[in-house]
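Novice: Contents of upload_34.pdb (PDB, C-alpha atoms) are below:
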```pdb
ATOM      1  CA  MET X   1      48.094  90.927  44.484
ATOM      2  CA  THR X   2      51.298  89.007  45.062
ATOM      3  CA  THR X   3      52.421  88.843  48.684
ATOM      4  CA  ILE X   4      56.178  89.171  49.208
ATOM      5  CA  ASP X   5      57.710  87.049  51.917
ATOM      6  CA  PRO X   6      58.938  89.428  54.712
ATOM      7  CA  ASN X   7      62.232  87.546  54.862
ATOM      8  CA  VAL X   8      62.751  88.007  51.126
ATOM      9  CA  GLN X   9      61.880  91.700  51.444
ATOM     10  CA  ALA X  10      64.371  92.131  54.315
ATOM     11  CA  ALA X  11      67.068  90.376  52.293
ATOM     12  CA  ARG X  12      66.438  92.742  49.375
ATOM     13  CA  VAL X  13      66.752  95.761  51.686
ATOM     14  CA  VAL X  14      70.012  94.427  53.111
ATOM     15  CA  GLY X  15      71.314  93.713  49.629
ATOM     16  CA  ARG X  16      70.388  97.157  48.388
ATOM     17  CA  ARG X  17      72.071  98.799  51.393
ATOM     18  CA  ALA X  18      75.219  96.754  50.755
ATOM     19  CA  GLU X  19      75.235  97.973  47.149
ATOM     20  CA  LEU X  20      75.023 101.559  48.392
ATOM     21  CA  GLY X  21      77.877 101.033  50.862
ATOM     22  CA  TRP X  22      75.825 100.718  54.058
ATOM     23  CA  PHE X  23      77.224  98.625  56.902
ATOM     24  CA  ASP X  24      76.227  97.914  60.511
ATOM     25  CA  VAL X  25      78.351  99.641  63.144
ATOM     26  CA  GLU X  26      78.227  99.436  66.940
ATOM     27  CA  PHE X  27      79.071 102.781  68.482
ATOM     28  CA  ILE X  28      80.246 102.658  72.114
ATOM     29  CA  MET X  29      80.640 105.960  73.927
ATOM     30  CA  HIS X  30      81.678 106.824  77.471
ATOM     31  CA  GLY X  31      81.012 110.091  79.228
ATOM     32  CA  CYS X  32      80.611 111.990  82.470
ATOM     33  CA  ALA X  33      79.064 115.217  83.691
ATOM     34  CA  TYR X  34      80.611 117.809  85.980
ATOM     35  CA  LEU X  35      80.219 121.347  87.296
ATOM     36  CA  GLN X  36      83.072 123.831  86.858
ATOM     37  CA  ASP X  37      83.041 127.581  87.450
ATOM     38  CA  GLY X  38      79.280 127.460  87.843
ATOM     39  CA  LYS X  39      78.642 125.773  84.474
ATOM     40  CA  LEU X  40      77.590 122.219  83.647
ATOM     41  CA  TYR X  41      79.798 120.296  81.216
ATOM     42  CA  TYR X  42      79.495 116.909  79.550
ATOM     43  CA  LYS X  43      82.634 115.118  78.426
ATOM     44  CA  VAL X  44      82.064 112.292  75.935
ATOM     45  CA  SER X  45      84.489 110.105  74.008
ATOM     46  CA  SER X  46      84.686 106.801  72.136
ATOM     47  CA  GLN X  47      87.905 106.179  74.090
ATOM     48  CA  ALA X  48      86.926 105.028  77.582
ATOM     49  CA  GLU X  49      90.451 105.515  78.936
ATOM     50  CA  ASP X  50      90.283 109.232  78.048
ATOM     51  CA  ILE X  51      87.197 109.654  80.228
ATOM     52  CA  TYR X  52      88.582 107.691  83.179
ATOM     53  CA  ARG X  53      91.849 109.651  83.071
ATOM     54  CA  PHE X  54      89.844 112.871  83.024
ATOM     55  CA  VAL X  55      87.809 111.753  86.064
ATOM     56  CA  ASP X  56      91.011 110.984  88.003
ATOM     57  CA  ASN X  57      92.703 114.256  87.078
ATOM     58  CA  ALA X  58      89.553 116.298  87.726
ATOM     59  CA  ALA X  59      89.349 115.001  91.299
ATOM     60  CA  VAL X  60      92.904 116.178  91.937
ATOM     61  CA  GLU X  61      91.883 119.607  90.627
ATOM     62  CA  GLY X  62      88.867 119.727  92.945
ATOM     63  CA  VAL X  63      86.290 119.000  90.230
ATOM     64  CA  TYR X  64      83.968 116.130  91.092
ATOM     65  CA  THR X  65      82.487 114.290  88.139
ATOM     66  CA  SER X  66      79.565 111.933  87.832
ATOM     67  CA  ASN X  67      80.140 108.219  87.450
ATOM     68  CA  VAL X  68      81.207 107.250  83.951
ATOM     69  CA  LEU X  69      78.190 106.346  81.821
ATOM     70  CA  LYS X  70      78.559 103.853  78.957
ATOM     71  CA  TYR X  71      76.200 104.167  75.980
ATOM     72  CA  THR X  72      75.957 101.737  73.041
ATOM     73  CA  GLU X  73      74.037 102.201  69.806
ATOM     74  CA  LYS X  74      74.080  99.927  66.760
ATOM     75  CA  CYS X  75      72.858 101.204  63.421
ATOM     76  CA  ALA X  76      73.363 100.962  59.652
ATOM     77  CA  VAL X  77      75.860 103.524  58.419
ATOM     78  CA  PRO X  78      76.059 104.741  54.813
ATOM     79  CA  SER X  79      79.530 104.967  53.307
ATOM     80  CA  GLY X  80      81.316 108.143  54.375
ATOM     81  CA  MET X  81      78.861 108.898  57.191
ATOM     82  CA  HIS X  82      80.640 107.173  60.103
ATOM     83  CA  ASP X  83      82.038 110.306  61.772
ATOM     84  CA  LEU X  84      78.770 112.219  61.416
ATOM     85  CA  ILE X  85      76.715 109.446  63.014
ATOM     86  CA  ALA X  86      79.340 108.930  65.730
ATOM     87  CA  ASN X  87      78.953 112.601  66.597
ATOM     88  CA  ASP X  88      75.162 112.150  66.822
ATOM     89  CA  VAL X  89      75.654 109.217  69.216
ATOM     90  CA  LYS X  90      77.915 111.414  71.357
ATOM     91  CA  LYS X  91      75.146 114.009  71.473
ATOM     92  CA  ASP X  92      72.651 111.309  72.529
ATOM     93  CA  LEU X  93      74.909 110.372  75.457
ATOM     94  CA  ALA X  94      75.375 114.030  76.396
ATOM     95  CA  ARG X  95      71.581 114.408  76.531
ATOM     96  CA  LYS X  96      71.314 111.345  78.779
ATOM     97  CA  LEU X  97      73.890 112.873  81.104
ATOM     98  CA  GLN X  98      71.996 116.176  81.041
ATOM     99  CA  HIS X  99      68.776 114.415  82.080
ATOM    100  CA  SER X 100      70.531 112.425  84.815
ATOM    101  CA  TYR X 101      72.489 115.205  86.535
ATOM    102  CA  SER X 102      71.251 118.649  87.510
ATOM    103  CA  LYS X 103      73.267 121.657  88.556
ATOM    104  CA  THR X 104      71.707 121.366  92.014
ATOM    105  CA  PHE X 105      73.073 117.822  92.314
ATOM    106  CA  PHE X 106      76.650 118.962  91.713
ATOM    107  CA  GLU X 107      76.239 121.903  94.072
ATOM    108  CA  THR X 108      75.103 119.424  96.736
ATOM    109  CA  LEU X 109      78.095 117.212  95.946
ATOM    110  CA  LYS X 110      80.464 120.169  96.319
ATOM    111  CA  GLN X 111      78.965 121.102  99.691
ATOM    112  CA  LEU X 112      79.316 117.489 100.787
ATOM    113  CA  SER X 113      82.993 117.417  99.807
ATOM    114  CA  GLU X 114      83.792 120.500 101.873
ATOM    115  CA  ARG X 115      82.705 118.697 105.051
ATOM    116  CA  THR X 116      84.835 115.581 104.543
ATOM    117  CA  TRP X 117      88.444 116.811 104.488
ATOM    118  CA  GLY X 118      91.063 115.405 106.835
ATOM    119  CA  ASN X 119      94.849 115.648 107.063
ATOM    120  CA  GLY X 120      95.662 112.585 109.124
ATOM    121  CA  ALA X 121      97.699 110.915 106.369
ATOM    122  CA  ALA X 122     100.216 113.783 106.197
ATOM    123  CA  VAL X 123     102.617 112.260 108.753
ATOM    124  CA  LEU X 124     102.662 108.905 106.934
ATOM    125  CA  LEU X 125     103.282 110.479 103.526
ATOM    126  CA  TRP X 126     106.133 112.700 104.745
ATOM    127  CA  GLN X 127     107.741 109.670 106.364
ATOM    128  CA  GLU X 128     107.519 107.893 103.007
ATOM    129  CA  ALA X 129     109.147 110.916 101.341
ATOM    130  CA  GLU X 130     112.058 110.834 103.781
ATOM    131  CA  GLU X 131     112.698 107.175 102.934
ATOM    132  CA  LEU X 132     112.810 108.033  99.214
ATOM    133  CA  GLU X 133     115.217 110.950  99.654
ATOM    134  CA  GLY X 134     118.238 110.380  97.427
ATOM    135  CA  VAL X 135     117.090 106.938  96.184
ATOM    136  CA  PHE X 136     116.806 108.176  92.553
ATOM    137  CA  SER X 137     114.275 105.546  91.476
ATOM    138  CA  GLU X 138     111.753 106.839  88.955
ATOM    139  CA  GLU X 139     109.566 103.792  89.530
ATOM    140  CA  LYS X 140     109.442 104.330  93.311
ATOM    141  CA  ILE X 141     108.699 108.033  92.859
ATOM    142  CA  ASP X 142     105.852 107.129  90.482
ATOM    143  CA  PHE X 143     104.421 104.685  93.033
ATOM    144  CA  TYR X 144     104.724 107.310  95.755
ATOM    145  CA  GLU X 145     103.049 110.003  93.663
ATOM    146  CA  SER X 146     100.100 107.698  92.960
ATOM    147  CA  LEU X 147      99.736 107.153  96.731
ATOM    148  CA  VAL X 148      99.799 110.913  97.386
ATOM    149  CA  GLN X 149      97.168 111.562  94.716
ATOM    150  CA  TYR X 150      95.100 108.709  96.115
ATOM    151  CA  ALA X 151      95.253 110.288  99.565
ATOM    152  CA  TYR X 152      94.161 113.651  98.171
ATOM    153  CA  ARG X 153      91.298 112.196  96.101
ATOM    154  CA  HIS X 154      90.068 110.402  99.214
ATOM    155  CA  HIS X 155      90.415 113.573 101.346
ATOM    156  CA  GLY X 156      93.042 111.997 103.605
ATOM    157  CA  ILE X 157      95.250 115.086 103.183
ATOM    158  CA  ASN X 158      94.302 118.710 102.614
ATOM    159  CA  SER X 159      95.259 120.984  99.734
ATOM    160  CA  GLY X 160      98.238 122.560 101.518
ATOM    161  CA  THR X 161      99.842 119.215 102.300
ATOM    162  CA  TYR X 162      99.177 117.955  98.790
ATOM    163  CA  GLN X 163     100.808 120.988  97.142
ATOM    164  CA  ASN X 164     103.868 120.789  99.408
ATOM    165  CA  ILE X 165     104.420 117.090  98.716
ATOM    166  CA  MET X 166     103.963 117.553  94.974
ATOM    167  CA  ARG X 167     106.618 120.280  95.035
ATOM    168  CA  TRP X 168     108.954 117.840  96.789
ATOM    169  CA  ILE X 169     108.254 115.198  94.102
ATOM    170  CA  HIS X 170     108.965 117.754  91.388
ATOM    171  CA  GLU X 171     112.350 118.555  92.945
ATOM    172  CA  GLU X 172     113.217 114.869  93.256
ATOM    173  CA  ARG X 173     112.430 114.338  89.583
ATOM    174  CA  LYS X 174     114.630 117.297  88.624
ATOM    175  CA  ASN X 175     117.486 115.636  90.494
ATOM    176  CA  MET X 176     116.975 112.482  88.411
ATOM    177  CA  ASP X 177     117.303 114.175  85.007
ATOM    178  CA  ASP X 178     120.668 112.517  84.392
ATOM    179  CA  TYR X 179     119.333 109.030  85.094
ATOM    180  CA  LEU X 180     118.191 107.509  81.785
ATOM    181  CA  ILE X 181     116.063 104.392  81.303
ATOM    182  CA  SER X 182     117.065 102.005  78.511
ATOM    183  CA  LYS X 183     114.118 101.264  76.218
ATOM    184  CA  ASP X 184     113.790  98.455  73.682
ATOM    185  CA  PHE X 185     111.812  98.253  70.451
ATOM    186  CA  TYR X 186     108.501  96.769  71.673
ATOM    187  CA  GLU X 187     106.421  98.117  74.530
ATOM    188  CA  LYS X 188     103.279  97.114  76.385
ATOM    189  CA  THR X 189     101.597  98.923  79.281
ATOM    190  CA  VAL X 190      99.425  96.972  81.707
ATOM    191  CA  TYR X 191      97.238  98.134  84.591
ATOM    192  CA  GLY X 192      95.983  96.796  87.882
ATOM    193  CA  PHE X 193      95.022  97.370  91.494
ATOM    194  CA  ALA X 194      94.521  95.437  94.709
ATOM    195  CA  TYR X 195      91.485  95.254  96.944
ATOM    196  CA  GLU X 196      90.548  93.611 100.192
ATOM    197  CA  LYS X 197      87.757  91.071 100.467
ATOM    198  CA  ASP X 198      87.014  88.715 103.341
ATOM    199  CA  GLY X 199      90.277  89.752 104.985
ATOM    200  CA  LYS X 200      92.354  88.763 101.952
ATOM    201  CA  ILE X 201      94.197  90.846  99.362
ATOM    202  CA  LYS X 202      92.986  90.197  95.805
ATOM    203  CA  TYR X 203      94.125  91.661  92.497
ATOM    204  CA  VAL X 204      92.660  92.915  89.231
ATOM    205  CA  ASP X 205      94.950  93.336  86.225
ATOM    206  CA  ASN X 206      94.486  93.718  82.493
ATOM    207  CA  ALA X 207      96.186  95.104  79.411
ATOM    208  CA  LEU X 208      92.993  97.063  78.688
ATOM    209  CA  GLN X 209      93.143 100.285  80.696
ATOM    210  CA  SER X 210      89.420 101.021  80.466
ATOM    211  CA  TYR X 211      88.530  97.604  81.950
ATOM    212  CA  VAL X 212      90.690  98.216  85.028
ATOM    213  CA  TYR X 213      89.370 101.751  85.587
ATOM    214  CA  GLU X 214      85.765 100.645  85.139
ATOM    215  CA  LYS X 215      86.257  97.764  87.588
ATOM    216  CA  ALA X 216      87.897 100.089  90.140
ATOM    217  CA  GLU X 217      85.016 102.582  89.963
ATOM    218  CA  GLN X 218      82.477  99.789  90.365
ATOM    219  CA  MET X 219      84.254  98.267  93.371
ATOM    220  CA  GLU X 220      84.698 101.634  95.057
ATOM    221  CA  GLN X 221      80.984 102.301  94.656
ATOM    222  CA  GLU X 222      80.328  98.920  96.293
ATOM    223  CA  GLY X 223      82.448  99.939  99.284
ATOM    224  CA  TYR X 224      85.581  97.860  98.843
ATOM    225  CA  LEU X 225      88.980  99.035 100.026
ATOM    226  CA  ILE X 226      91.011  99.429  96.835
ATOM    227  CA  THR X 227      94.524 100.699  96.118
ATOM    228  CA  PRO X 228      95.565 103.276  93.538
ATOM    229  CA  ILE X 229      95.652 101.934  89.985
ATOM    230  CA  LEU X 230      99.173 100.841  89.108
ATOM    231  CA  SER X 231     100.446 101.005  85.523
ATOM    232  CA  HIS X 232     103.733  99.651  84.255
ATOM    233  CA  THR X 233     105.284  99.719  80.789
ATOM    234  CA  TYR X 234     107.384  96.753  79.705
ATOM    235  CA  TRP X 235     110.027  97.204  77.015
ATOM    236  CA  TYR X 236     111.396  94.202  75.143
ATOM    237  CA  LYS X 237     113.421  93.361  72.033
ATOM    238  CA  GLN X 238     111.231  90.547  70.711
ATOM    239  CA  SER X 239     107.482  90.113  70.659
ATOM    240  CA  ARG X 240     106.054  88.570  73.839
ATOM    241  CA  ARG X 241     102.681  87.078  74.675
ATOM    242  CA  VAL X 242     100.394  89.331  76.671
ATOM    243  CA  SER X 243      99.766  86.475  79.116
ATOM    244  CA  ASP X 244     103.495  86.366  79.943
ATOM    245  CA  ILE X 245     103.592  90.120  80.530
ATOM    246  CA  LEU X 246     100.504  89.943  82.738
ATOM    247  CA  ARG X 247     102.075  87.130  84.743
ATOM    248  CA  GLU X 248     105.143  89.292  85.352
ATOM    249  CA  PHE X 249     102.951  92.282  86.191
ATOM    250  CA  ARG X 250     100.934  90.236  88.694
ATOM    251  CA  GLN X 251     104.181  89.519  90.543
ATOM    252  CA  LEU X 252     104.867  93.270  90.634
ATOM    253  CA  LEU X 253     101.350  93.963  91.948
ATOM    254  CA  GLU X 254     101.763  91.402  94.700
ATOM    255  CA  THR X 255     105.151  92.875  95.642
ATOM    256  CA  VAL X 256     103.987  96.503  95.739
ATOM    257  CA  TYR X 257     100.463  96.007  97.068
ATOM    258  CA  ASN X 258     101.278  93.743  99.985
ATOM    259  CA  ALA X 259      99.903  93.626 103.534
ATOM    260  CA  GLU X 260     102.146  96.498 104.643
ATOM    261  CA  TYR X 261     100.878  98.694 101.807
ATOM    262  CA  MET X 262      97.261  97.904 102.678
ATOM    263  CA  LYS X 263      97.931  99.139 106.216
ATOM    264  CA  LYS X 264      99.019 102.484 104.734
ATOM    265  CA  ILE X 265      95.835 102.625 102.673
ATOM    266  CA  LYS X 266      93.761 102.054 105.808
ATOM    267  CA  ILE X 267      95.563 104.893 107.605
ATOM    268  CA  ILE X 268      94.787 107.185 104.660
ATOM    269  CA  ARG X 269      91.133 106.150 104.619
ATOM    270  CA  ASN X 270      90.694 106.301 108.407
ATOM    271  CA  HIS X 271      89.582 109.907 108.901
ATOM    272  CA  LYS X 272      86.473 111.380 110.463
ATOM    273  CA  THR X 273      84.008 113.577 108.599
ATOM    274  CA  GLU X 274      81.413 116.043 109.825
ATOM    275  CA  ILE X 275      78.642 113.984 108.224
ATOM    276  CA  THR X 276      77.032 111.054 110.011
ATOM    277  CA  GLU X 277      75.964 107.876 108.246
ATOM    278  CA  ASP X 278      72.321 108.635 109.070
ATOM    279  CA  ALA X 279      72.543 112.109 107.552
ATOM    280  CA  PHE X 280      74.188 110.679 104.437
ATOM    281  CA  SER X 281      71.549 107.939 104.104
ATOM    282  CA  ALA X 282      68.817 110.596 104.235
ATOM    283  CA  LEU X 283      70.629 112.597 101.536
ATOM    284  CA  LEU X 284      70.995 109.476  99.397
ATOM    285  CA  GLU X 285      67.255 108.794  99.553
ATOM    286  CA  GLN X 286      66.533 112.396  98.649
ATOM    287  CA  ILE X 287      68.868 112.214  95.637
ATOM    288  CA  LYS X 288      67.147 109.025  94.458
ATOM    289  CA  MET X 289      63.775 110.763  94.485
ATOM    290  CA  THR X 290      64.836 114.079  92.940
ATOM    291  CA  ASP X 291      67.626 113.064  90.531
ATOM    292  CA  GLY X 292      67.269 109.315  89.956
ATOM    293  CA  GLU X 293      69.436 106.198  90.164
ATOM    294  CA  HIS X 294      72.477 107.463  88.220
ATOM    295  CA  ALA X 295      72.894 110.431  90.548
ATOM    296  CA  ALA X 296      72.312 108.209  93.605
ATOM    297  CA  ASP X 297      75.030 105.793  92.427
ATOM    298  CA  THR X 298      77.455 108.687  92.036
ATOM    299  CA  ILE X 299      76.770 110.130  95.490
ATOM    300  CA  LEU X 300      77.099 106.627  96.971
ATOM    301  CA  ARG X 301      80.569 106.232  95.451
ATOM    302  CA  TYR X 302      81.676 109.529  96.969
ATOM    303  CA  GLY X 303      80.210 108.446 100.295
ATOM    304  CA  TYR X 304      82.729 105.598 100.374
ATOM    305  CA  THR X 305      85.534 107.595  98.712
ATOM    306  CA  TRP X 306      85.431 110.408 101.270
ATOM    307  CA  GLY X 307      85.107 108.186 104.321
ATOM    308  CA  ILE X 308      81.498 108.937 105.215
ATOM    309  CA  LEU X 309      80.482 105.296 104.931
ATOM    310  CA  PRO X 310      82.451 102.403 106.464
ATOM    311  CA  LEU X 311      84.207 100.194 103.922
ATOM    312  CA  ARG X 312      83.122  96.601 103.527
ATOM    313  CA  SER X 313      86.573  95.324 104.403
ATOM    314  CA  LYS X 314      87.481  97.975 106.933
ATOM    315  CA  SER X 315      89.519  96.607 109.834
ATOM    316  CA  ASN X 316      89.993  98.133 113.264
ATOM    317  CA  GLU X 317      93.666  97.204 113.096
ATOM    318  CA  LEU X 318      95.842  99.832 111.405
TER
END
```
Starting from the file, lay out its structure as structure tokens.
Specialist:
Amino acid sequence: MTTIDPNVQAARVVGRRAELGWFDVEFIMHGCAYLQDGKLYYKVSSQAEDIYRFVDNAAVEGVYTSNVLKYTEKCAVPSGMHDLIANDVKKDLARKLQHSYSKTFFETLKQLSERTWGNGAAVLLWQEAEELEGVFSEEKIDFYESLVQYAYRHHGINSGTYQNIMRWIHEERKNMDDYLISKDFYEKTVYGFAYEKDGKIKYVDNALQSYVYEKAEQMEQEGYLITPILSHTYWYKQSRRVSDILREFRQLLETVYNAEYMKKIKIIRNHKTEITEDAFSALLEQIKMTDGEHAADTILRYGYTWGILPLRSKSNEL
């Protein structure tokens, strides 16, 4: 009997698959789990930015999601089967989320959230609103709105204050309807945020939205003091290098997220909760045992987000 070299056999298989229209594809999916109206849901997409936007918006609506989970699978795909296999990969990620997060976990997370609300940032935010009265700057209103939403996501203001301020923002925008922004042919949106490390302000920026959101989630879970994510769209008549746009955006980041702004962030984050660090540490250990590492990472991020745990860079000077 003739023995066929395994390498030759593999080459024949690859060649035959190529003839039939097979090709290797790497599927990358992002997803999160959450509890809403008593039911568990799993949101999965090939577009990471869609998931991160959903997580941000859900928090404003009082829905607390898991951390975003990234899942990659590489496989040979027959011609015409890409969408079907992509859907199967989405289902695989949904099953991973289902195994990682129980309904009990989200019920515990909800109970935790209810004991962490403060309203100490209300005075600061209304003072900021007074300074913006009649300025008619869409950019400044956008920056202010991101700060308000940041304060609400971090439980620095309560629901009543949040709704009142958002109504004020809505009225200000109505008053700016006659102010038009000139837009050129090309556009590019870039994203970034600032954080504090070793007493210094540092910056993260990128033209890839998902990279910035993923980095922000990671750093918040690690306990760093971070700002809201800033996005800015540049309009221009002729094509420009991304590096030039990022250089200009970095200057904007440094102007907006300066030392004075970081003081405001610390005021927002400086509120007391009903939960002690010891009680939270005990809960974290319990979650690790009953739900696993993914659930523990999620609860840890909320521990920092809601002010239960002290931030790495937290200063006593406000």
Novice: I'd like the residues picked by the PyMOL selection byres ((chain X and resi 128) around 12) written out as a list in words, using the chain letters and numbers from the file.
Specialist: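 In the shown coordinates, the PyMOL selection byres ((chain X and resi 128) around 12) covers Ala121, Ala122, Val123, Leu124, Leu125, Trp126, Gln127, Ala129, Glu130, Glu131, Leu132, Glu133, Val135, Lys140, Ile141, Phe143, Tyr144, Glu145, Leu147, Val148, Ile165, Trp168, Ile169, Tyr261 and Lys264 of chain X.
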Novice: Can I get the residues of segment 273-313 of chain X within 8 Å of segment 52-72 of chain X, each with the closest pair of atoms and their distance in Å to one decimal, using all atoms listed in the file, sorted chain first then ascending number, as a tab-separated table?
Specialist:
```
residue	atom	partner	partner_atom	distance
X:His294	CA	X:Asn67	CA	7.7
X:Ala295	CA	X:Ser66	CA	7.4
X:Asp297	CA	X:Asn67	CA	7.5
X:Thr298	CA	X:Asn67	CA	5.3
```
Novice: Of the candidates X:Val204, X:Cys75, X:Leu97, X:Ile275, which one gets nearest to Asp291 of chain X if we count all atoms listed in the file?
Specialist: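 Once distances to Asp291 of chain X are computed over all atoms listed in the file, the minimum belongs to X:Leu97.
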Novice: Please, which residues in segment 135-243 of chain X fall within 8 Å of segment 45-51 of chain X when counting all atoms listed in the file, and what is the closest atom pair and distance in Å to one decimal for each, ordered by chain then residue number, as CSV?
Specialist:
```
residue,atom,partner,partner_atom,distance
X:Gln209,CA,X:Glu49,CA,6.1
X:Ser210,CA,X:Glu49,CA,4.9
X:Tyr213,CA,X:Glu49,CA,7.7
```
Novice: So what do you get for atom CA of Tyr304 of chain X versus atom CA of Ile226 of chain X, distance-wise?
Specialist: 10.9 Å
Novice: What does the PyMOL selection byres ((chain X and resi 303) around 12) select in this file, as a ChimeraX atom specification?
Specialist: /X:109,112-113,115-116,154-155,220-224,269,273,275-281,283-284,296-302,304-311
Novice: X:Asn175, X:Asn258, X:Gly118, X:Lys197: which is nearest Gly160 of chain X, counting all atoms listed in the file?
Specialist: X:Gly118
Novice: Could you tell me how far atom CA of Arg312 of chain X lies from atom CA of Gly199 of chain X, in Å and to one decimal?
Specialist: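 Between atom CA of Arg312 of chain X and atom CA of Gly199 of chain X the gap is 10.0 Å.
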Novice: Quick one, how far is atom CA of His271 of chain X from atom CA of Tyr150 of chain X?
Specialist: 14.0 Å
Novice: Please provide as a PyMOL selection string all residues within 7 Å of Tyr203 of chain X, with the sequence filter that same-chain residues fewer than 2 positions apart are discarded (counting all atoms listed in the file).
Specialist: chain X and resi 193-195+201+205
Novice: Find the spatial neighbours of Ser146 of chain X, counting all atoms listed in the file, within a cut-off of 8 Å - ignore same-chain residues fewer than 4 positions away - and output them as number ranges by chain.
Specialist: X: 142, 150, 228-230
Novice: Calculated over all atoms listed in the file, which of the candidates X:Gly134, X:Pro78, X:Gly31, X:Tyr191 has the smallest distance to Lys96 of chain X?
Specialist: X:Gly31
Novice: Which is closer to Ala33 of chain X than all the others in X:Ser159, X:Gln149, X:Thr104, X:Gln98, using all atoms listed in the file?
Specialist: X:Gln98
Novice: Could you tell me which residues the PyMOL selection byres ((chain X and resi 189) around 6) grabs in this file, written as a list in words?
Specialist: Lys188, Val190, His232 and Thr233 of chain X
Novice: Lys39 of chain X: which residues within 10 Å, counting all atoms listed in the file, same-chain residues fewer than 4 positions away excluded, as a PyMOL selection string?
Specialist: chain X and resi 34-35+103
